[in-house]
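What follows is one structure encoded as structure tokens, with my remarks underneath.
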Amino acid sequence: MKWYLQKPVQLAWMIALLVFPFVLWLLPSTFFDESEVIVCPSRLFFDIECFGCGMTRGVMHMHHAEVADAIYFNFGSPFVYPALIALWGFWVYLAGQRLGWWKGIARKAA
Amino acid sequence: MKRALPLLLLMVLSMSTFASSKVQNWKDLFAGEPESKALVAEMPGLTLESFMELTPKKYEELTGQKMGIADAIRLKAAQKHLRKQMEKPNADIEKPVYIILAILGLGFVGIGILDDWEGSDWIIALVLSLLCWLPGVVYSLVKMKNYY
């Protein structure tokens, strides 16, 4: 069995997945706004914003239900945010499956 | 054509004068522009820097009113418009030419021309270009911020 499929690793992964949204909610929505670090090569070299520029800030504002702020930082954030939720849900489902949680729930329900 | 030529000349002259002069009143840059819709009553009181750094959240802190989605889009458009107007147009060579030179491994030529072949930046760019092209390209592109 691969190391990342082992139960303790999957449990840690599941806990991290479940805690992560709450950590983001605890942080202020402006947490990433003041950052001076430019990681985008397009902005760094050409001073041109790419389609991904401002996405972190936009998603953070979407997470705090501030749609206008999110759109201000990146027009695509209202579309990316639901996709991220879906991805998060899929990962939670996978981790739960590997831990055997869903089988247990189904058995209890039956 | 004879009438159009002086008019064209006057236009070019006025444009270059406008470009070379410093922005005295940044609100004037919006005269008659659709972006001016973003300049609601509270905004003209701001300085240029604070307007450029204005976000919907800061606007809310400033005025106590929430900014709508449409206003947020207009604000972003206005800031982009202003940034474009403020771009430094008085460099010896155009930005695309500089980028092409940098990509071709001749970034030191661009830096040299823009620095009047003074300082050590162009020598560094030359040495880095000789070190298998890529370091020179990166250095030239990083240095580009000083000129444009």
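Just remember, in the structure tokens the first chain shown is A, the second B, etc., residues are 1-based per chain, and ligands are 1-based in the order shown.
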Determine, counting only C-alpha atoms, which protein, DNA and RNA residues have an atom within 12 Å of an atom of Ser35 of chain A; residues of the same chain fewer than 3 positions away are not included. Present the result as a ChimeraX atom specification.
/A:30-32,38-39,54,56-57
Show me which bits of chain B are within 7 Å of chain A, counting only C-alpha atoms, as a PyMOL selection string.
chain B and resi 56-57+67-69+72-73+76+141-142
Pick out the residues sitting within 10 Å of segment 93-98 of chain A, and hand them over as a PyMOL selection string; count only C-alpha atoms, and ignore anything fewer than 5 positions along from it in its own chain.
chain A and resi 5-7+9-15+17+87-88+103-104
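The closest residue to Ala16 of chain A, picked from A:Val92, A:Val59, A:Leu99, A:Cys40 and counting only C-alpha atoms, is A:Val92.
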Expressed in Å, the length from atom CA of Ser77 of chain A to atom CA of Gly58 of chain A is 5.4 Å
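Coordinates place atom CA of Ala65 of chain A at a distance of 15.3 Å from atom CA of Val23 of chain A.
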Please indicate the distance in Å from atom CA of Phe22 of chain A to atom CA of Ala109 of chain A, rounded to one decimal place.
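Between atom CA of Phe22 of chain A and atom CA of Ala109 of chain A the gap works out to 28.5 Å.
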For Leu75 of chain B, the nearest of the candidates B:Phe51, B:Trp122, B:Trp117, B:Tyr147, counting only C-alpha atoms
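Closest to Leu75 of chain B of all the choices is B:Phe51.
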Please identify which residues in segment 8-110 of chain A DSSP calls helix (DSSP H, G or I) from the backbone, and express them as a JSON list (two decimals) with N, CA and C atoms, in the first residue's frame.
```
[["chain", "number", "residue", "atom", "x", "y", "z"],
["A", 8, "PRO", "N", -3.51, 6.61, 8.94],
["A", 8, "PRO", "CA", -3.16, 7.84, 9.67],
["A", 8, "PRO", "C", -2.98, 9.04, 8.74],
["A", 9, "VAL", "N", -2.39, 8.80, 7.57],
["A", 9, "VAL", "CA", -2.17, 9.89, 6.61],
["A", 9, "VAL", "C", -3.51, 10.40, 6.09],
["A", 10, "GLN", "N", -4.41, 9.48, 5.76],
["A", 10, "GLN", "CA", -5.73, 9.85, 5.26],
["A", 10, "GLN", "C", -6.54, 10.59, 6.33],
["A", 11, "LEU", "N", -6.36, 10.17, 7.60],
["A", 11, "LEU", "CA", -7.07, 10.83, 8.70],
["A", 11, "LEU", "C", -6.57, 12.27, 8.87],
["A", 12, "ALA", "N", -5.23, 12.40, 8.80],
["A", 12, "ALA", "CA", -4.64, 13.75, 8.90],
["A", 12, "ALA", "C", -5.11, 14.63, 7.73],
["A", 13, "TRP", "N", -5.18, 14.04, 6.56],
["A", 13, "TRP", "CA", -5.63, 14.76, 5.36],
["A", 13, "TRP", "C", -7.09, 15.19, 5.52],
["A", 14, "MET", "N", -7.91, 14.28, 6.04],
["A", 14, "MET", "CA", -9.32, 14.59, 6.25],
["A", 14, "MET", "C", -9.48, 15.72, 7.26],
["A", 15, "ILE", "N", -8.72, 15.67, 8.35],
["A", 15, "ILE", "CA", -8.81, 16.72, 9.38],
["A", 15, "ILE", "C", -8.40, 18.06, 8.77],
["A", 16, "ALA", "N", -7.30, 18.04, 8.00],
["A", 16, "ALA", "CA", -6.82, 19.27, 7.35],
["A", 16, "ALA", "C", -7.89, 19.84, 6.42],
["A", 17, "LEU", "N", -8.53, 18.93, 5.66],
["A", 17, "LEU", "CA", -9.58, 19.37, 4.72],
["A", 17, "LEU", "C", -10.76, 20.00, 5.46],
["A", 18, "LEU", "N", -11.13, 19.40, 6.57],
["A", 18, "LEU", "CA", -12.30, 19.91, 7.31],
["A", 18, "LEU", "C", -11.99, 21.20, 8.06],
["A", 19, "VAL", "N", -10.74, 21.34, 8.51],
["A", 19, "VAL", "CA", -10.37, 22.52, 9.30],
["A", 19, "VAL", "C", -10.10, 23.73, 8.40],
["A", 20, "PHE", "N", -9.57, 23.47, 7.20],
["A", 20, "PHE", "CA", -9.11, 24.54, 6.31],
["A", 20, "PHE", "C", -10.16, 25.65, 6.05],
["A", 21, "PRO", "N", -11.41, 25.32, 5.71],
["A", 21, "PRO", "CA", -12.38, 26.40, 5.48],
["A", 21, "PRO", "C", -12.62, 27.27, 6.71],
["A", 22, "PHE", "N", -12.59, 26.64, 7.89],
["A", 22, "PHE", "CA", -12.82, 27.40, 9.11],
["A", 22, "PHE", "C", -11.65, 28.33, 9.42],
["A", 23, "VAL", "N", -10.45, 27.86, 9.11],
["A", 23, "VAL", "CA", -9.26, 28.72, 9.30],
["A", 23, "VAL", "C", -9.39, 29.95, 8.41],
["A", 24, "LEU", "N", -9.83, 29.73, 7.18],
["A", 24, "LEU", "CA", -10.01, 30.87, 6.26],
["A", 24, "LEU", "C", -11.11, 31.81, 6.74],
["A", 25, "TRP", "N", -12.15, 31.24, 7.35],
["A", 25, "TRP", "CA", -13.22, 32.09, 7.88],
["A", 25, "TRP", "C", -12.75, 32.90, 9.08],
["A", 26, "LEU", "N", -11.86, 32.30, 9.87],
["A", 26, "LEU", "CA", -11.35, 33.00, 11.05],
["A", 26, "LEU", "C", -10.44, 34.17, 10.65],
["A", 41, "PRO", "N", 4.38, 35.96, -13.00],
["A", 41, "PRO", "CA", 5.43, 36.44, -13.91],
["A", 41, "PRO", "C", 4.92, 37.51, -14.88],
["A", 42, "SER", "N", 3.65, 37.40, -15.25],
["A", 42, "SER", "CA", 3.07, 38.38, -16.18],
["A", 42, "SER", "C", 3.09, 39.78, -15.56],
["A", 43, "ARG", "N", 2.74, 39.88, -14.30],
["A", 43, "ARG", "CA", 2.75, 41.19, -13.62],
["A", 43, "ARG", "C", 4.16, 41.62, -13.28],
["A", 44, "LEU", "N", 4.96, 40.64, -12.91],
["A", 44, "LEU", "CA", 6.33, 40.94, -12.49],
["A", 44, "LEU", "C", 7.16, 41.52, -13.64],
["A", 45, "PHE", "N", 7.04, 40.90, -14.80],
["A", 45, "PHE", "CA", 7.88, 41.31, -15.92],
["A", 45, "PHE", "C", 7.23, 42.36, -16.82],
["A", 46, "PHE", "N", 5.94, 42.22, -17.06],
["A", 46, "PHE", "CA", 5.30, 43.10, -18.04],
["A", 46, "PHE", "C", 4.28, 44.07, -17.44],
["A", 55, "MET", "N", -6.85, 36.24, -7.97],
["A", 55, "MET", "CA", -7.76, 35.12, -7.71],
["A", 55, "MET", "C", -7.76, 34.73, -6.23],
["A", 56, "THR", "N", -6.57, 34.71, -5.60],
["A", 56, "THR", "CA", -6.50, 34.36, -4.17],
["A", 56, "THR", "C", -7.33, 35.35, -3.36],
["A", 57, "ARG", "N", -7.13, 36.64, -3.64],
["A", 57, "ARG", "CA", -7.88, 37.67, -2.91],
["A", 57, "ARG", "C", -9.37, 37.57, -3.21],
["A", 58, "GLY", "N", -9.68, 37.32, -4.49],
["A", 58, "GLY", "CA", -11.08, 37.19, -4.89],
["A", 58, "GLY", "C", -11.77, 36.02, -4.21],
["A", 59, "VAL", "N", -11.10, 34.89, -4.18],
["A", 59, "VAL", "CA", -11.68, 33.69, -3.57],
["A", 59, "VAL", "C", -11.84, 33.89, -2.05],
["A", 60, "MET", "N", -10.86, 34.56, -1.46],
["A", 60, "MET", "CA", -10.95, 34.84, -0.02],
["A", 60, "MET", "C", -12.17, 35.72, 0.28],
["A", 61, "HIS", "N", -12.42, 36.70, -0.56],
["A", 61, "HIS", "CA", -13.61, 37.55, -0.36],
["A", 61, "HIS", "C", -14.90, 36.78, -0.64],
["A", 62, "MET", "N", -14.86, 35.89, -1.64],
["A", 62, "MET", "CA", -16.04, 35.05, -1.90],
["A", 62, "MET", "C", -16.33, 34.17, -0.70],
["A", 63, "HIS", "N", -15.27, 33.66, -0.06],
["A", 63, "HIS", "CA", -15.41, 32.80, 1.11],
["A", 63, "HIS", "C", -16.08, 33.55, 2.26],
["A", 67, "VAL", "N", -19.18, 39.50, -2.45],
["A", 67, "VAL", "CA", -19.13, 39.26, -3.90],
["A", 67, "VAL", "C", -18.54, 40.45, -4.65],
["A", 68, "ALA", "N", -18.93, 41.67, -4.27],
["A", 68, "ALA", "CA", -18.43, 42.86, -4.97],
["A", 68, "ALA", "C", -16.91, 42.95, -4.86],
["A", 69, "ASP", "N", -16.40, 42.69, -3.67],
["A", 69, "ASP", "CA", -14.94, 42.72, -3.45],
["A", 69, "ASP", "C", -14.27, 41.65, -4.30],
["A", 70, "ALA", "N", -14.90, 40.46, -4.32],
["A", 70, "ALA", "CA", -14.33, 39.34, -5.08],
["A", 70, "ALA", "C", -14.25, 39.68, -6.56],
["A", 71, "ILE", "N", -15.33, 40.26, -7.08],
["A", 71, "ILE", "CA", -15.35, 40.64, -8.51],
["A", 71, "ILE", "C", -14.34, 41.74, -8.78],
["A", 72, "TYR", "N", -14.19, 42.64, -7.82],
["A", 72, "TYR", "CA", -13.19, 43.72, -7.98],
["A", 72, "TYR", "C", -11.79, 43.13, -8.17],
["A", 73, "PHE", "N", -11.45, 42.12, -7.38],
["A", 73, "PHE", "CA", -10.10, 41.57, -7.46],
["A", 73, "PHE", "C", -9.93, 40.63, -8.66],
["A", 77, "SER", "N", -13.60, 35.01, -10.04],
["A", 77, "SER", "CA", -13.69, 34.37, -8.72],
["A", 77, "SER", "C", -15.08, 33.81, -8.39],
["A", 78, "PRO", "N", -16.20, 34.44, -8.81],
["A", 78, "PRO", "CA", -17.50, 33.81, -8.52],
["A", 78, "PRO", "C", -17.69, 32.48, -9.26],
["A", 79, "PHE", "N", -16.92, 32.25, -10.30],
["A", 79, "PHE", "CA", -17.01, 30.97, -11.03],
["A", 79, "PHE", "C", -16.02, 29.94, -10.47],
["A", 80, "VAL", "N", -14.86, 30.44, -10.07],
["A", 80, "VAL", "CA", -13.82, 29.54, -9.56],
["A", 80, "VAL", "C", -14.19, 29.03, -8.16],
["A", 81, "TYR", "N", -14.81, 29.89, -7.36],
["A", 81, "TYR", "CA", -15.12, 29.52, -5.98],
["A", 81, "TYR", "C", -16.03, 28.28, -5.89],
["A", 82, "PRO", "N", -17.14, 28.23, -6.64],
["A", 82, "PRO", "CA", -17.96, 26.99, -6.61],
["A", 82, "PRO", "C", -17.17, 25.77, -7.08],
["A", 83, "ALA", "N", -16.30, 25.97, -8.06],
["A", 83, "ALA", "CA", -15.48, 24.85, -8.55],
["A", 83, "ALA", "C", -14.56, 24.35, -7.44],
["A", 84, "LEU", "N", -14.01, 25.29, -6.67],
["A", 84, "LEU", "CA", -13.15, 24.91, -5.55],
["A", 84, "LEU", "C", -13.94, 24.15, -4.48],
["A", 85, "ILE", "N", -15.18, 24.60, -4.25],
["A", 85, "ILE", "CA", -16.03, 23.90, -3.27],
["A", 85, "ILE", "C", -16.29, 22.46, -3.73],
["A", 86, "ALA", "N", -16.56, 22.33, -5.04],
["A", 86, "ALA", "CA", -16.81, 21.00, -5.60],
["A", 86, "ALA", "C", -15.57, 20.11, -5.45],
["A", 87, "LEU", "N", -14.40, 20.70, -5.72],
["A", 87, "LEU", "CA", -13.14, 19.95, -5.59],
["A", 87, "LEU", "C", -12.91, 19.54, -4.14],
["A", 88, "TRP", "N", -13.20, 20.48, -3.24],
["A", 88, "TRP", "CA", -13.05, 20.21, -1.80],
["A", 88, "TRP", "C", -13.98, 19.07, -1.39],
["A", 89, "GLY", "N", -15.22, 19.13, -1.86],
["A", 89, "GLY", "CA", -16.20, 18.08, -1.55],
["A", 89, "GLY", "C", -15.77, 16.72, -2.08],
["A", 90, "PHE", "N", -15.20, 16.74, -3.29],
["A", 90, "PHE", "CA", -14.73, 15.50, -3.90],
["A", 90, "PHE", "C", -13.59, 14.90, -3.09],
["A", 91, "TRP", "N", -12.68, 15.76, -2.64],
["A", 91, "TRP", "CA", -11.54, 15.29, -1.83],
["A", 91, "TRP", "C", -12.00, 14.74, -0.48],
["A", 92, "VAL", "N", -12.99, 15.43, 0.11],
["A", 92, "VAL", "CA", -13.54, 14.95, 1.38],
["A", 92, "VAL", "C", -14.18, 13.57, 1.17],
["A", 93, "TYR", "N", -14.92, 13.44, 0.06],
["A", 93, "TYR", "CA", -15.57, 12.16, -0.26],
["A", 93, "TYR", "C", -14.53, 11.06, -0.43],
["A", 94, "LEU", "N", -13.45, 11.35, -1.18],
["A", 94, "LEU", "CA", -12.40, 10.36, -1.42],
["A", 94, "LEU", "C", -11.72, 9.94, -0.13],
["A", 95, "ALA", "N", -11.38, 10.96, 0.70],
["A", 95, "ALA", "CA", -10.71, 10.67, 1.97],
["A", 95, "ALA", "C", -11.62, 9.83, 2.86],
["A", 96, "GLY", "N", -12.90, 10.18, 2.87],
["A", 96, "GLY", "CA", -13.88, 9.44, 3.67],
["A", 96, "GLY", "C", -14.02, 8.00, 3.19],
["A", 97, "GLN", "N", -13.97, 7.83, 1.88],
["A", 97, "GLN", "CA", -14.07, 6.49, 1.29],
["A", 97, "GLN", "C", -12.87, 5.65, 1.69],
["A", 98, "ARG", "N", -11.68, 6.28, 1.64],
["A", 98, "ARG", "CA", -10.46, 5.54, 2.01],
["A", 98, "ARG", "C", -10.43, 5.20, 3.50],
["A", 99, "LEU", "N", -11.10, 6.03, 4.28],
["A", 99, "LEU", "CA", -11.17, 5.76, 5.72],
["A", 99, "LEU", "C", -12.30, 4.79, 6.06],
["A", 101, "TRP", "N", -15.48, 5.58, 6.08],
["A", 101, "TRP", "CA", -16.53, 6.28, 6.84],
["A", 101, "TRP", "C", -17.90, 6.08, 6.21],
["A", 102, "TRP", "N", -17.94, 6.17, 4.88],
["A", 102, "TRP", "CA", -19.25, 6.15, 4.21],
["A", 102, "TRP", "C", -19.90, 4.76, 4.33],
["A", 103, "LYS", "N", -19.04, 3.73, 4.32],
["A", 103, "LYS", "CA", -19.57, 2.36, 4.49],
["A", 103, "LYS", "C", -20.25, 2.22, 5.85],
["A", 104, "GLY", "N", -19.57, 2.79, 6.84],
["A", 104, "GLY", "CA", -20.09, 2.74, 8.21],
["A", 104, "GLY", "C", -21.43, 3.46, 8.32],
["A", 105, "ILE", "N", -21.49, 4.63, 7.69],
["A", 105, "ILE", "CA", -22.73, 5.42, 7.72],
["A", 105, "ILE", "C", -23.86, 4.66, 7.02],
["A", 106, "ALA", "N", -23.52, 4.07, 5.84],
["A", 106, "ALA", "CA", -24.52, 3.32, 5.06],
["A", 106, "ALA", "C", -25.02, 2.11, 5.85],
["A", 107, "ARG", "N", -24.08, 1.47, 6.54],
["A", 107, "ARG", "CA", -24.44, 0.28, 7.34],
["A", 107, "ARG", "C", -25.39, 0.68, 8.47],
["A", 108, "LYS", "N", -25.05, 1.84, 9.11],
["A", 108, "LYS", "CA", -25.89, 2.32, 10.22],
["A", 108, "LYS", "C", -27.28, 2.69, 9.73],
["A", 109, "ALA", "N", -27.30, 3.31, 8.53],
["A", 109, "ALA", "CA", -28.59, 3.74, 7.95],
["A", 109, "ALA", "C", -29.45, 2.52, 7.61]]
```
